[in-house]
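Since the structure comes first, as C-alpha cells, the remarks are kept for the end.
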Amino acid sequence: MHSPKLKAASFAALAAMGAFAITAGAPLAAHNHGSKSAPMAQKTIVDTAVGTGVHTTLVAAVKAADLVDTLSGPGPFTVFAPVDSAFSALPSGTVENLLQPAQKPTLTKVLTYHVVAGRVPAAQLVQAIRQGGGSYEIKTVAGQTLTARLDGNTVAITDAAGRTSRVTQTDVKATNGVIHVTDGVFLPS
C-alpha cells in the first residue's frame, strides 16, 4: 500500500514532467515549425534549466564557471543544453575534472561553446540549414563554430572535435532566450 505522501510526491513528479513536456515541445520536426506559438516564458535560461530535472550537471557547471549572472541577464541567448546523460557519456572523470576550480577557464570555454548570442528558434535554424545547402555554421559565444545539419527531421550538430549530437527538444522558451535540448556535449578545439 502506498502512503499519501508517496502518492502526493508521485503526482507532483508526474505533474512536473508533464509541465516540462508541454513547455519543452516535441522533437525537432522540420515540417511543423512555427505552427503553434508556445506560452510566454516566465523564467530565465538558468531558472528554466534548473526546473527541468534533466540538466543538473549543466546547472552545476554553470555555477562552477560563475556564468549564472550572465545567463540570467537580458541576453537574448540561444543555449544548446546537454542533458545529464550526455555528460555521463563523456570519458570517466571528465566532468569531475572540469568542475575543479583550477579548470574554470576550460569549463567556461566548454559552456560558452553551447551558447549563441541572440534568440535562434528552431524554425530559423532549419531555414538557415536549408539555405546553406544542407549545413549551417553557428558562431558561438566561445568564438568557435558548430555545424548544424538535418538528419531526417532532426537537427544534428557537429562540434570542433567531430562529435555529432542531436537536438532532442526545441524552443524551450525563457525570458532571456531559448533553449534547445541536446543529447551530447559539444567540445571546442
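Residues are named by chain letter and number: chains run A, B, ... in the order of the C-alpha cells, numbers start at 1 in each chain, and ligands are numbered from 1 in the order shown.
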
Discussion item. Considering only strand (DSSP E or B) as DSSP defines it on the backbone, what residues of segment 15-185 of chain A qualify? List them as a count of residues only.
Written reply: 43

Worksheet item: Could you name the residues that touch Phe186 of chain A at 9 Å or less, counting only C-alpha atoms, but leaving out those on the same chain fewer than 5 positions away, as a ChimeraX atom specification?
Response: /A:80,82,110-111,113-114,146,157-161,163-165

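Counting only C-alpha atoms, the residue from A:Thr106, A:Leu58, A:Asp66, A:Val181 that sits nearest to Ser88 of chain A is A:Leu58.
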
Fill in: Nearest to Val185 of chain A, chosen from A:Gln131, A:Gln42, A:Gln124, A:Thr112, with only C-alpha atoms counted in the distances
A:Thr112

Worksheet item: Leaving out Thr48 of chain A and any residue of its chain fewer than 6 positions from it, which residues lie within 9 Å of it when counting only C-alpha atoms, given as a ChimeraX atom specification?
Response: /A:41-42,172-174,179

Worksheet item: Between atom CA of Arg149 of chain A and atom CA of Gly75 of chain A, what is the spacing in Å?
Response: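 It comes out at 25.3 Å.
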
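Proximity of A:Ile129, A:Ala61, A:Ala142, A:Val83 to Gln100 of chain A, computed with only C-alpha atoms, is greatest for A:Ala61.
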
Practice prompt. Rank nothing, just name the residue among A:Leu107, A:Ala102, A:Val126, A:Leu187 nearest to Lys63 of chain A, using only C-alpha atoms.
Written response: A:Leu107

Worksheet item: Using only C-alpha atoms, which of the listed residues (A:Ala64, A:Val141, A:Ala117, A:Ala81) sits closest to His180 of chain A?
Response: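 Under the stated criterion, the closest residue is A:Ala81.
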
Worksheet entry | Backbone-only DSSP, alpha helix (DSSP H) members of segment 25-168 of chain A, as a ChimeraX atom specification | /A:45-52,56-64,68-72,84-88,94-98,104-112,122-131

Fill in: Pick from A:Val62, A:Val50, A:Ala148, A:Val115, whichever lies nearest to Val79 of chain A using only C-alpha atoms
A:Val115

Practice prompt. Work out how far atom CA of Asn153 of chain A is from atom CA of Gly51 of chain A, in Å to one decimal.
Written response: 27.1 Å

Worksheet item: At what distance in Å, to one decimal, does atom CA of Thr170 of chain A lie from atom CA of Pro74 of chain A?
Response: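 Taking atom CA of Pro74 of chain A and atom CA of Thr170 of chain A, their separation equals 20.4 Å.
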